[in-house]
$ cat input32.cif   # mmCIF, C-alpha atoms and all ligand atoms
data_coords
#
loop_
_atom_site.label_atom_id
_atom_site.label_comp_id
_atom_site.auth_asym_id
_atom_site.auth_seq_id
_atom_site.Cartn_x
_atom_site.Cartn_y
_atom_site.Cartn_z
CA MET A 42 58.84 -101.05 102.28
CA ILE A 43 56.56 -98.75 100.22
CA ASN A 44 55.46 -100.23 96.88
CA GLY A 45 53.81 -98.57 93.89
CA PRO A 46 54.73 -96.26 91.06
CA HIS A 47 56.95 -94.18 93.28
CA VAL A 48 60.28 -94.53 95.00
CA ILE A 49 60.84 -97.85 96.80
CA LYS A 50 62.96 -97.91 99.94
CA CYS A 51 64.78 -101.21 100.41
CA LYS A 52 68.10 -102.81 101.34
CA ALA A 53 71.09 -103.15 99.05
CA ALA A 54 74.75 -104.12 99.44
CA VAL A 55 76.62 -100.97 98.42
CA ALA A 56 80.27 -100.90 97.31
CA TRP A 57 81.42 -97.46 98.49
CA GLY A 58 84.92 -97.82 97.12
CA ARG A 59 87.45 -100.16 95.60
CA GLY A 60 88.73 -102.82 97.99
CA GLU A 61 86.18 -102.05 100.71
CA PRO A 62 83.76 -104.76 101.90
CA LEU A 63 80.16 -104.27 100.82
CA SER A 64 77.95 -102.35 103.21
CA ILE A 65 74.23 -103.10 103.71
CA GLU A 66 72.38 -99.81 103.28
CA ASP A 67 68.86 -98.44 102.98
CA VAL A 68 68.61 -97.31 99.36
CA GLU A 69 65.94 -95.64 97.27
CA VAL A 70 64.98 -97.14 93.93
CA ALA A 71 63.25 -94.72 91.56
CA PRO A 72 60.35 -95.79 89.34
CA PRO A 73 61.18 -97.11 85.89
CA LYS A 74 61.39 -94.55 83.07
CA ALA A 75 60.45 -95.23 79.43
CA HIS A 76 61.40 -98.74 78.31
CA GLU A 77 62.56 -99.69 81.80
CA VAL A 78 61.31 -102.30 84.25
CA ARG A 79 61.57 -102.33 88.04
CA VAL A 80 62.33 -105.81 89.35
CA LYS A 81 62.09 -107.26 92.85
CA ILE A 82 65.23 -109.38 93.02
CA VAL A 83 64.53 -112.65 94.85
CA ALA A 84 67.90 -114.40 94.53
CA THR A 85 71.33 -113.71 93.11
CA GLY A 86 74.52 -115.65 92.59
CA VAL A 87 77.89 -114.11 93.42
CA CYS A 88 80.22 -114.28 90.40
CA HIS A 89 83.99 -113.97 90.24
CA THR A 90 83.51 -110.82 88.09
CA ASP A 91 81.75 -109.07 91.02
CA TRP A 92 84.66 -109.91 93.31
CA GLU A 93 87.23 -108.93 90.72
CA TYR A 94 85.61 -105.61 90.03
CA LEU A 95 85.54 -104.71 93.72
CA TYR A 96 89.01 -105.90 94.64
CA GLU A 97 90.99 -105.73 91.40
CA THR A 98 89.73 -102.68 89.50
CA GLY A 99 92.62 -101.33 87.48
CA LYS A 100 94.48 -104.67 87.52
CA GLY A 101 92.63 -106.55 84.83
CA MET A 102 89.38 -104.59 84.86
CA LYS A 103 88.69 -101.16 83.41
CA PHE A 104 87.65 -98.48 85.85
CA ARG A 105 83.95 -98.06 86.53
CA PRO A 106 82.67 -95.46 88.96
CA PHE A 107 81.89 -96.02 92.64
CA PRO A 108 79.75 -96.12 94.71
CA LEU A 109 77.91 -98.94 93.00
CA VAL A 110 75.69 -101.92 93.62
CA LEU A 111 77.32 -105.06 92.23
CA GLY A 112 75.56 -108.29 91.22
CA HIS A 113 74.67 -109.47 87.72
CA GLU A 114 73.48 -113.07 88.24
CA GLY A 115 70.00 -112.49 89.63
CA ALA A 116 66.39 -113.54 89.19
CA GLY A 117 63.23 -111.83 90.34
CA ILE A 118 59.69 -110.65 89.75
CA VAL A 119 58.54 -107.60 87.82
CA GLU A 120 57.20 -104.96 90.24
CA SER A 121 56.28 -102.21 87.77
CA VAL A 122 56.97 -101.15 84.20
CA GLY A 123 57.72 -97.77 82.63
CA PRO A 124 56.00 -96.18 79.62
CA GLY A 125 56.37 -98.09 76.34
CA VAL A 126 57.10 -101.47 77.93
CA THR A 127 55.03 -104.12 76.15
CA LYS A 128 56.71 -107.42 76.90
CA PHE A 129 56.56 -107.42 80.72
CA SER A 130 53.83 -107.07 83.34
CA PRO A 131 53.93 -106.94 87.15
CA GLY A 132 54.22 -110.46 88.55
CA ASP A 133 56.27 -111.91 85.67
CA LYS A 134 59.27 -114.01 86.68
CA VAL A 135 62.37 -112.59 85.01
CA ILE A 136 66.15 -112.80 84.73
CA PRO A 137 68.02 -109.48 84.26
CA LEU A 138 70.71 -109.60 81.58
CA PHE A 139 74.07 -107.86 81.61
CA LEU A 140 74.16 -108.52 77.84
CA PRO A 141 71.01 -107.14 76.16
CA GLN A 142 69.25 -108.38 73.05
CA CYS A 143 67.35 -105.50 71.44
CA GLY A 144 66.43 -107.63 68.43
CA GLU A 145 66.87 -104.70 66.06
CA CYS A 146 70.55 -103.78 65.74
CA ASP A 147 72.92 -105.26 63.13
CA ARG A 148 74.41 -107.57 65.72
CA CYS A 149 71.05 -108.85 66.90
CA ARG A 150 70.11 -109.56 63.29
CA SER A 151 73.31 -111.48 62.65
CA PRO A 152 73.50 -115.17 63.59
CA LYS A 153 77.27 -114.71 63.99
CA THR A 154 77.21 -112.89 67.34
CA ASN A 155 75.28 -112.22 70.54
CA HIS A 156 76.97 -108.85 71.16
CA CYS A 157 74.03 -106.46 71.13
CA ARG A 158 75.21 -102.94 71.81
CA LYS A 159 71.90 -101.42 72.98
CA ASN A 160 72.61 -99.06 75.93
CA TRP A 161 76.12 -100.53 75.96
CA ASP A 162 78.20 -97.45 76.74
CA ASN A 163 75.77 -96.39 79.46
CA THR A 164 75.43 -99.73 81.22
CA GLN A 165 79.20 -100.29 81.12
CA MET A 166 79.48 -97.03 83.07
CA GLY A 167 76.74 -98.04 85.50
CA VAL A 168 73.90 -95.85 84.23
CA LEU A 169 70.74 -96.35 82.18
CA ALA A 170 69.69 -94.75 78.86
CA ASP A 171 69.27 -91.22 80.27
CA GLY A 172 72.76 -91.22 81.78
CA THR A 173 71.62 -91.67 85.40
CA SER A 174 71.07 -94.65 87.66
CA ARG A 175 67.78 -95.44 89.44
CA ILE A 176 69.43 -96.30 92.78
CA SER A 177 70.42 -93.71 95.34
CA CYS A 178 71.59 -93.74 98.94
CA LYS A 179 71.98 -90.80 101.31
CA ASN A 180 71.04 -88.49 98.40
CA GLN A 181 73.92 -89.81 96.31
CA GLN A 182 73.62 -91.63 92.98
CA ILE A 183 74.70 -95.27 93.23
CA TYR A 184 75.92 -96.74 89.94
CA GLN A 185 74.48 -100.01 88.62
CA PHE A 186 77.13 -102.61 87.83
CA LEU A 187 76.77 -103.68 84.17
CA GLY A 188 73.36 -101.99 84.29
CA VAL A 189 71.96 -104.73 86.55
CA SER A 190 72.74 -104.43 90.31
CA SER A 191 71.22 -107.64 91.63
CA PHE A 192 72.68 -107.12 95.13
CA SER A 193 69.66 -104.86 95.77
CA GLN A 194 66.16 -105.95 96.78
CA TYR A 195 64.86 -103.85 93.89
CA THR A 196 66.54 -102.63 90.72
CA VAL A 197 65.56 -101.04 87.41
CA VAL A 198 66.79 -102.41 84.09
CA PRO A 199 66.16 -101.59 80.39
CA ASP A 200 63.41 -103.76 78.87
CA THR A 201 65.98 -105.10 76.38
CA SER A 202 68.15 -106.32 79.30
CA LEU A 203 65.52 -108.60 80.79
CA THR A 204 63.94 -111.91 79.86
CA LYS A 205 60.69 -113.47 80.99
CA ILE A 206 60.87 -117.07 82.22
CA ARG A 207 58.26 -119.71 83.06
CA SER A 208 56.23 -119.13 86.20
CA ASP A 209 57.17 -122.45 87.86
CA ALA A 210 60.95 -121.86 87.68
CA PRO A 211 62.66 -121.70 91.12
CA LEU A 212 64.35 -118.29 91.16
CA GLU A 213 66.93 -119.37 93.74
CA LYS A 214 68.27 -121.88 91.20
CA VAL A 215 67.76 -120.31 87.78
CA CYS A 216 69.47 -117.08 88.83
CA LEU A 217 72.71 -118.88 87.93
CA LEU A 218 71.64 -118.73 84.30
CA GLY A 219 72.11 -114.94 84.45
CA CYS A 220 75.86 -115.40 84.12
CA GLY A 221 78.21 -118.21 85.19
CA VAL A 222 76.48 -121.42 84.14
CA SER A 223 75.20 -120.01 80.84
CA THR A 224 78.66 -118.64 80.04
CA GLY A 225 80.62 -121.84 80.61
CA TYR A 226 77.99 -124.11 79.06
CA GLY A 227 77.67 -121.90 75.97
CA ALA A 228 81.46 -121.54 75.68
CA ALA A 229 81.53 -125.29 74.96
CA VAL A 230 78.35 -125.81 72.94
CA ASN A 231 78.04 -122.48 71.08
CA THR A 232 81.45 -120.82 70.84
CA GLY A 233 83.60 -123.95 70.76
CA LYS A 234 81.02 -126.14 69.04
CA VAL A 235 82.61 -129.09 70.82
CA GLU A 236 82.10 -132.28 68.82
CA LYS A 237 81.18 -135.82 69.74
CA ASP A 238 84.12 -138.05 70.69
CA SER A 239 86.47 -135.07 70.95
CA LEU A 240 89.23 -134.50 73.53
CA CYS A 241 88.68 -131.47 75.77
CA ALA A 242 90.53 -129.67 78.57
CA VAL A 243 88.88 -127.14 80.88
CA PHE A 244 91.18 -124.78 82.80
CA GLY A 245 89.65 -123.50 86.05
CA LEU A 246 86.85 -125.42 87.75
CA GLY A 247 84.75 -122.65 89.27
CA ALA A 248 81.13 -122.24 88.15
CA VAL A 249 82.15 -121.14 84.65
CA GLY A 250 84.62 -124.01 84.19
CA LEU A 251 82.29 -126.64 85.66
CA ALA A 252 79.56 -125.45 83.31
CA ALA A 253 82.05 -125.78 80.45
CA VAL A 254 82.73 -129.36 81.60
CA MET A 255 78.97 -129.97 81.54
CA GLY A 256 78.77 -128.50 78.01
CA CYS A 257 81.58 -130.76 76.77
CA ARG A 258 79.77 -133.76 78.26
CA VAL A 259 76.44 -132.83 76.69
CA ALA A 260 78.25 -132.41 73.35
CA GLY A 261 79.50 -136.00 73.67
CA ALA A 262 83.21 -135.38 74.26
CA LYS A 263 85.21 -138.59 74.83
CA ARG A 264 87.74 -137.19 77.30
CA ILE A 265 87.26 -134.10 79.45
CA ILE A 266 90.35 -133.14 81.43
CA GLY A 267 89.66 -130.74 84.31
CA VAL A 268 92.60 -128.52 85.31
CA ASP A 269 92.73 -126.61 88.60
CA ILE A 270 95.30 -125.74 91.24
CA ASN A 271 92.66 -126.48 93.88
CA PRO A 272 92.09 -130.27 94.00
CA ASP A 273 88.95 -129.75 96.13
CA LYS A 274 87.21 -128.91 92.84
CA PHE A 275 87.90 -132.31 91.29
CA ASP A 276 85.02 -134.32 92.80
CA LYS A 277 82.42 -131.87 91.54
CA ALA A 278 84.11 -131.75 88.12
CA LYS A 279 83.79 -135.53 87.87
CA VAL A 280 80.11 -135.38 88.84
CA LEU A 281 79.54 -132.91 86.00
CA GLY A 282 81.44 -134.95 83.42
CA ALA A 283 85.22 -134.64 83.76
CA THR A 284 86.85 -137.97 82.92
CA GLU A 285 90.08 -137.02 84.72
CA CYS A 286 91.54 -134.05 86.60
CA VAL A 287 95.03 -132.57 86.75
CA ASN A 288 96.65 -130.22 89.24
CA PRO A 289 99.41 -128.19 87.53
CA ARG A 290 101.22 -128.03 90.88
CA ASP A 291 101.72 -131.82 90.85
CA HIS A 292 103.94 -131.55 87.77
CA ASN A 293 107.35 -130.06 87.22
CA LYS A 294 106.76 -129.16 83.59
CA PRO A 295 104.31 -126.63 82.14
CA ILE A 296 100.69 -127.80 82.17
CA GLN A 297 100.41 -127.52 78.38
CA GLU A 298 103.21 -130.09 78.02
CA VAL A 299 101.45 -132.37 80.51
CA ILE A 300 98.21 -132.20 78.52
CA VAL A 301 99.90 -132.68 75.15
CA ALA A 302 101.61 -135.80 76.55
CA MET A 303 98.38 -137.13 78.13
CA THR A 304 96.54 -136.81 74.81
CA HIS A 305 99.38 -137.79 72.43
CA GLY A 306 99.38 -134.46 70.61
CA GLY A 307 96.94 -132.10 72.30
CA VAL A 308 93.22 -131.67 72.84
CA ASP A 309 90.67 -130.71 70.21
CA TYR A 310 89.16 -128.05 72.49
CA ALA A 311 90.69 -126.15 75.42
CA LEU A 312 88.49 -123.81 77.45
CA GLU A 313 90.09 -121.14 79.66
CA CYS A 314 87.81 -120.34 82.61
CA VAL A 315 90.26 -118.66 85.01
CA GLY A 316 90.87 -115.18 83.60
CA SER A 317 94.68 -115.35 83.58
CA PRO A 318 96.68 -114.42 80.43
CA ASP A 319 99.31 -117.08 81.24
CA ILE A 320 96.67 -119.78 81.46
CA MET A 321 95.11 -118.53 78.22
CA SER A 322 98.48 -119.09 76.49
CA ALA A 323 98.82 -122.50 78.16
CA ALA A 324 95.30 -123.46 77.04
CA LEU A 325 96.08 -122.50 73.44
CA GLU A 326 99.31 -124.51 73.54
CA SER A 327 97.44 -127.54 74.94
CA THR A 328 95.46 -127.92 71.74
CA ALA A 329 96.40 -130.13 68.81
CA ASP A 330 98.14 -128.30 65.98
CA ALA A 331 96.24 -128.39 62.67
CA TRP A 332 92.75 -128.16 64.23
CA GLY A 333 92.77 -127.39 67.96
CA THR A 334 90.45 -124.64 69.21
CA CYS A 335 91.03 -122.57 72.34
CA ILE A 336 88.03 -120.75 73.79
CA ILE A 337 88.58 -117.98 76.32
CA ALA A 338 85.79 -117.44 78.85
CA GLY A 339 87.93 -116.09 81.71
CA TRP A 340 87.74 -112.35 82.11
CA THR A 341 90.38 -109.67 81.85
CA GLU A 342 89.82 -106.36 80.11
CA THR A 343 93.21 -104.72 80.07
CA ALA A 344 95.80 -107.53 80.12
CA ALA A 345 97.41 -109.02 76.99
CA MET A 346 98.12 -112.70 76.39
CA LYS A 347 101.18 -114.10 74.65
CA VAL A 348 100.52 -116.03 71.45
CA MET A 349 103.41 -117.74 69.68
CA VAL A 350 102.59 -117.03 66.05
CA GLU A 351 103.68 -120.52 65.06
CA LYS A 352 100.90 -121.98 67.22
CA ILE A 353 98.33 -120.22 65.08
CA LEU A 354 100.18 -120.78 61.77
CA MET A 355 99.92 -124.50 62.33
CA GLY A 356 96.14 -124.27 62.20
CA ARG A 357 94.87 -123.61 65.70
CA THR A 358 91.93 -121.28 66.34
CA LEU A 359 91.67 -118.82 69.23
CA LYS A 360 88.20 -117.58 70.20
CA GLY A 361 86.62 -115.63 73.03
CA THR A 362 83.12 -115.90 74.41
CA TYR A 363 80.85 -113.35 76.00
CA PHE A 364 77.93 -114.85 77.90
CA GLY A 365 78.59 -118.16 76.17
CA GLY A 366 77.43 -116.90 72.80
CA TRP A 367 73.76 -116.99 73.88
CA LYS A 368 71.36 -114.45 72.40
CA SER A 369 70.27 -113.49 75.87
CA VAL A 370 66.55 -112.64 75.69
CA GLN A 371 65.62 -115.57 73.46
CA ASP A 372 67.99 -118.23 74.81
CA VAL A 373 67.92 -117.85 78.61
CA PRO A 374 64.25 -119.00 78.86
CA LYS A 375 65.23 -122.09 76.84
CA LEU A 376 68.05 -122.80 79.30
CA VAL A 377 65.48 -122.49 82.11
CA ASP A 378 63.35 -125.08 80.27
CA ASP A 379 66.39 -127.34 79.95
CA TYR A 380 66.91 -127.13 83.71
CA MET A 381 63.22 -127.81 84.43
CA ASN A 382 63.34 -130.82 82.06
CA ASN A 383 66.50 -132.21 83.73
CA ARG A 384 68.65 -131.60 80.67
CA LEU A 385 70.87 -129.05 82.41
CA GLU A 386 72.28 -129.18 85.94
CA LEU A 387 72.14 -126.20 88.30
CA ASP A 388 71.74 -127.66 91.81
CA GLU A 389 75.29 -129.07 91.79
CA PHE A 390 76.68 -125.56 91.38
CA ILE A 391 75.03 -124.18 94.51
CA THR A 392 77.26 -124.98 97.47
CA HIS A 393 76.05 -122.25 99.85
CA SER A 394 72.94 -120.13 100.47
CA LEU A 395 73.11 -116.94 102.54
CA PRO A 396 71.01 -113.85 103.32
CA LEU A 397 71.97 -110.47 101.85
CA ASP A 398 73.63 -109.27 105.05
CA GLN A 399 76.17 -112.13 104.74
CA ILE A 400 77.26 -111.17 101.25
CA ASN A 401 80.87 -110.49 102.22
CA VAL A 402 81.04 -114.08 103.50
CA ALA A 403 80.02 -115.18 100.01
CA PHE A 404 83.01 -113.28 98.58
CA ASP A 405 85.32 -114.94 101.14
CA LEU A 406 83.96 -118.40 100.24
CA LEU A 407 84.48 -117.72 96.52
CA LYS A 408 87.97 -116.37 96.91
CA SER A 409 89.14 -119.09 99.27
CA GLY A 410 87.90 -121.74 96.80
CA LYS A 411 85.39 -123.18 99.33
CA SER A 412 82.31 -122.40 97.25
CA ILE A 413 81.29 -122.85 93.65
CA ARG A 414 78.29 -120.54 93.87
CA THR A 415 76.69 -118.96 96.90
CA VAL A 416 73.10 -117.94 96.23
CA ILE A 417 72.05 -114.85 98.17
CA SER A 418 68.39 -114.56 99.08
CA LEU A 419 67.08 -111.05 99.25
P1 LIG B 1 85.96 -118.93 90.27
O1 LIG B 1 86.85 -118.05 91.05
O2 LIG B 1 84.83 -119.62 90.95
O3 LIG B 1 86.81 -120.08 89.52
C1 LIG B 1 88.12 -119.91 89.04
C2 LIG B 1 88.84 -121.24 89.21
O4 LIG B 1 90.13 -121.12 88.61
C3 LIG B 1 89.06 -121.64 90.66
O5 LIG B 1 88.58 -122.96 90.87
C4 LIG B 1 90.56 -121.54 90.83
O6 LIG B 1 91.09 -122.48 91.78
C5 LIG B 1 91.04 -121.82 89.42
N1 LIG B 1 92.42 -121.37 89.16
C6 LIG B 1 93.06 -120.27 89.64
N2 LIG B 1 94.34 -120.23 89.18
C7 LIG B 1 94.48 -121.33 88.40
C8 LIG B 1 95.59 -121.85 87.64
N3 LIG B 1 96.77 -121.23 87.63
N4 LIG B 1 95.41 -122.99 86.94
C9 LIG B 1 94.20 -123.65 86.97
N5 LIG B 1 93.14 -123.20 87.67
C10 LIG B 1 93.28 -122.06 88.38
O7 LIG B 1 85.43 -118.02 89.05
P2 LIG B 1 84.15 -118.17 88.08
O8 LIG B 1 83.00 -117.41 88.67
O9 LIG B 1 84.00 -119.59 87.67
O10 LIG B 1 84.67 -117.28 86.85
C11 LIG B 1 85.79 -117.73 86.07
C12 LIG B 1 86.23 -116.65 85.11
O11 LIG B 1 85.20 -116.41 84.13
C13 LIG B 1 86.50 -115.29 85.77
O12 LIG B 1 87.61 -114.69 85.10
C14 LIG B 1 85.22 -114.51 85.46
O13 LIG B 1 85.44 -113.12 85.52
C15 LIG B 1 84.97 -115.01 84.06
N6 LIG B 1 83.61 -114.80 83.52
C16 LIG B 1 83.51 -114.52 82.19
C17 LIG B 1 82.27 -114.36 81.60
C18 LIG B 1 82.15 -114.13 80.12
O14 LIG B 1 81.09 -113.67 79.65
N7 LIG B 1 83.16 -114.46 79.33
C19 LIG B 1 81.11 -114.46 82.38
C20 LIG B 1 81.26 -114.80 83.74
C21 LIG B 1 82.51 -114.95 84.29
ZN ZN B 2 79.42 -113.12 86.03
ZN ZN B 3 70.72 -105.47 69.54
#

$ encode --input "input32.cif" --output "structure tokens"
Amino acid sequence: MINGPHVIKCKAAVAWGRGEPLSIEDVEVAPPKAHEVRVKIVATGVCHTDWEYLYETGKGMKFRPFPLVLGHEGAGIVESVGPGVTKFSPGDKVIPLFLPQCGECDRCRSPKTNHCRKNWDNTQMGVLADGTSRISCKNQQIYQFLGVSSFSQYTVVPDTSLTKIRSDAPLEKVCLLGCGVSTGYGAAVNTGKVEKDSLCAVFGLGAVGLAAVMGCRVAGAKRIIGVDINPDKFDKAKVLGATECVNPRDHNKPIQEVIVAMTHGGVDYALECVGSPDIMSAALESTADAWGTCIIAGWTETAAMKVMVEKILMGRTLKGTYFGGWKSVQDVPKLVDDYMNNRLELDEFITHSLPLDQINVAFDLLKSGKSIRTVISL
């Protein structure tokens, strides 16, 4: 590997095309341009969104160009910075962010949202501010998934899509704060604003759903009902705070009717962490009329969900969350502190650790329901 202010040659898992397993390749990572930072990725989680983008583009996900390097749940160390970068120096521990926080736009100034749009159109299409990516392979441009690409030993990100974290944080743990755990946890505490002594139901007990369970527990919920078609997830859900778990396949009526009956009228908060429009409708219908809130964390970009108007007329609220409502640059370091101070769990989410060349195994483990999170070391 050649380091310095020039091109770095390193390994990355490249997605050459939709539906094809990732391929470990020698790639070239260009130096950072103005307001960009080159990061040595040390560890990355493998999120459902990575899998979905590779295997289900066009189904629920909008098209983004291939070839690309996936991965958006990483942590690493700054290697070099481009002109104009003031907040980062080589050696800093950092978490790249698929949701930026520029601090200057209308949305960053508003307390109502975390949806900064800095570089948005570019990063959604896999390129940086100048319309190109910094990763190439065999003289071909390789797009950067959500502007991040943590399945590469080195990547370059905008300085508004990166946050500095404390130097004693273990990167192989806190990488999970780059997406799944922050999203589910924030869905409960920020977007839902789950209240003490409330009744909650969490649909889908992957990393996002388990983090939502944890958020409901931290908020002081009285009952937290975990819902999953895979009962192997139930033990972990109980460790993180679920008071009971339900498998929809054990019942011969719709899950929303089961939950309404269990709670004598519906839950105060239902969190959808699967990404299925049918489950989104079921989650909404599981809430109490008059005040129930349904929060959607599961991802689909092109599908529509069915909402019976009456369910909303009666007083329910339907909300969605992107990255758990966290203002990314300012809040992720605080979540790292919470982990370091034992106020937030991460270790329970990590069921497997693998090297980069086993990354397709990590996808298999996720899809077969055997893992919660595999952390890849680069
Ligand atoms: P995961 O695959 O680990 O977990 C999904 C869980 O849902 C699994 O346990 C699965 O068994 C369960 N499930 C599947 N069908 C079900 C059904 N019919 N009823 C109940 N449970 C069912 O995925 P994850 O990484 O936890 O991600 C969950 C969702 O969150 C995905 O859609 C992902 O794309 C999305 N996501 C959204 C954001 C955001 O910012 N909103 C961020 C990260 C991930
Ligand atoms: Zn993710
Ligand atoms: Zn902004």

$ closest_residue --input "input32.cif" --among "A:Glu69, A:Asp162, A:Glu114, A:Glu93" --to "Gln181 (chain A)" --atoms "all atoms listed in the file"
A:Glu69

$ residues_near_point --input "input32.cif" --point "(75.7, -112.9, 66.2)" --cutoff "12 Å" --atoms "only C-alpha atoms" --output "PDB file with C-alpha atoms, keeping the file's coordinate frame"
ATOM      1  CA  GLN A 142      69.250-108.380  73.050  1.00  0.00           C
ATOM      2  CA  GLY A 144      66.430-107.630  68.430  1.00  0.00           C
ATOM      3  CA  CYS A 146      70.550-103.780  65.740  1.00  0.00           C
ATOM      4  CA  ASP A 147      72.920-105.260  63.130  1.00  0.00           C
ATOM      5  CA  ARG A 148      74.410-107.570  65.720  1.00  0.00           C
ATOM      6  CA  CYS A 149      71.050-108.850  66.900  1.00  0.00           C
ATOM      7  CA  ARG A 150      70.110-109.560  63.290  1.00  0.00           C
ATOM      8  CA  SER A 151      73.310-111.480  62.650  1.00  0.00           C
ATOM      9  CA  PRO A 152      73.500-115.170  63.590  1.00  0.00           C
ATOM     10  CA  LYS A 153      77.270-114.710  63.990  1.00  0.00           C
ATOM     11  CA  THR A 154      77.210-112.890  67.340  1.00  0.00           C
ATOM     12  CA  ASN A 155      75.280-112.220  70.540  1.00  0.00           C
ATOM     13  CA  HIS A 156      76.970-108.850  71.160  1.00  0.00           C
ATOM     14  CA  CYS A 157      74.030-106.460  71.130  1.00  0.00           C
ATOM     15  CA  ARG A 158      75.210-102.940  71.810  1.00  0.00           C
ATOM     16  CA  ASN A 231      78.040-122.480  71.080  1.00  0.00           C
ATOM     17  CA  THR A 232      81.450-120.820  70.840  1.00  0.00           C
ATOM     18  CA  THR A 362      83.120-115.900  74.410  1.00  0.00           C
ATOM     19  CA  TYR A 363      80.850-113.350  76.000  1.00  0.00           C
ATOM     20  CA  GLY A 365      78.590-118.160  76.170  1.00  0.00           C
ATOM     21  CA  GLY A 366      77.430-116.900  72.800  1.00  0.00           C
ATOM     22  CA  TRP A 367      73.760-116.990  73.880  1.00  0.00           C
ATOM     23  CA  LYS A 368      71.360-114.450  72.400  1.00  0.00           C
ATOM     24  CA  SER A 369      70.270-113.490  75.870  1.00  0.00           C
TER      25      SER A 369
END

$ residues_near_ligand --input "input32.cif" --ligand "ligand ZN 2 (chain B)" --cutoff "7 Å" --atoms "only C-alpha atoms and all ligand atoms" --output "ChimeraX atom specification"
/A:88-91,113-114,220-221

$ write_last_selection --input "input32.cif" --atoms "C-alpha atoms" --output "PDB file, in the coordinates of the input"
ATOM      1  CA  CYS A  88      80.220-114.280  90.400  1.00  0.00           C
ATOM      2  CA  HIS A  89      83.990-113.970  90.240  1.00  0.00           C
ATOM      3  CA  THR A  90      83.510-110.820  88.090  1.00  0.00           C
ATOM      4  CA  ASP A  91      81.750-109.070  91.020  1.00  0.00           C
ATOM      5  CA  HIS A 113      74.670-109.470  87.720  1.00  0.00           C
ATOM      6  CA  GLU A 114      73.480-113.070  88.240  1.00  0.00           C
ATOM      7  CA  CYS A 220      75.860-115.400  84.120  1.00  0.00           C
ATOM      8  CA  GLY A 221      78.210-118.210  85.190  1.00  0.00           C
TER       9      GLY A 221
END

$ residues_near_ligand --input "input32.cif" --ligand "ligand LIG 1 (chain B)" --cutoff "7 Å" --atoms "all atoms listed in the file" --output "ChimeraX atom specification"
/A:88-90,93,220-221,224,244-250,268-271,274,289,314-316,320,338-341,362-365,407-408,410,413

$ closest_residue --input "input32.cif" --among "A:Cys143, A:Val168, A:Val126, A:Cys178" --to "ligand ZN 3 (chain B)" --atoms "all atoms listed in the file"
A:Cys143

$ build_atoms --input "input32.cif" --residues "region 276-288 of chain A" --atoms "N, CA and C atoms" --output "tab-separated table (two decimals), in the frame of the given file"
chain	number	residue	atom	x	y	z
A	276	ASP	N	86.17	-133.42	92.65
A	276	ASP	CA	85.02	-134.32	92.80
A	276	ASP	C	83.82	-133.78	92.04
A	277	LYS	N	83.57	-132.49	92.21
A	277	LYS	CA	82.42	-131.87	91.54
A	277	LYS	C	82.61	-131.93	90.01
A	278	ALA	N	83.85	-131.71	89.57
A	278	ALA	CA	84.11	-131.75	88.12
A	278	ALA	C	83.77	-133.14	87.57
A	279	LYS	N	84.08	-134.16	88.35
A	279	LYS	CA	83.79	-135.53	87.87
A	279	LYS	C	82.28	-135.78	87.84
A	280	VAL	N	81.57	-135.25	88.84
A	280	VAL	CA	80.11	-135.38	88.84
A	280	VAL	C	79.52	-134.75	87.56
A	281	LEU	N	80.10	-133.63	87.15
A	281	LEU	CA	79.54	-132.91	86.00
A	281	LEU	C	80.08	-133.42	84.66
A	282	GLY	N	81.03	-134.35	84.69
A	282	GLY	CA	81.44	-134.95	83.42
A	282	GLY	C	82.92	-135.07	83.14
A	283	ALA	N	83.78	-134.51	84.02
A	283	ALA	CA	85.22	-134.64	83.76
A	283	ALA	C	85.61	-136.12	83.84
A	284	THR	N	86.41	-136.57	82.88
A	284	THR	CA	86.85	-137.97	82.92
A	284	THR	C	88.12	-138.11	83.73
A	285	GLU	N	88.87	-137.02	83.89
A	285	GLU	CA	90.08	-137.02	84.72
A	285	GLU	C	90.40	-135.58	85.10
A	286	CYS	N	91.20	-135.40	86.16
A	286	CYS	CA	91.54	-134.05	86.60
A	286	CYS	C	93.03	-133.95	86.85
A	287	VAL	N	93.59	-132.78	86.60
A	287	VAL	CA	95.03	-132.57	86.75
A	287	VAL	C	95.27	-131.30	87.56
A	288	ASN	N	96.22	-131.40	88.49
A	288	ASN	CA	96.65	-130.22	89.24
A	288	ASN	C	98.02	-129.80	88.71
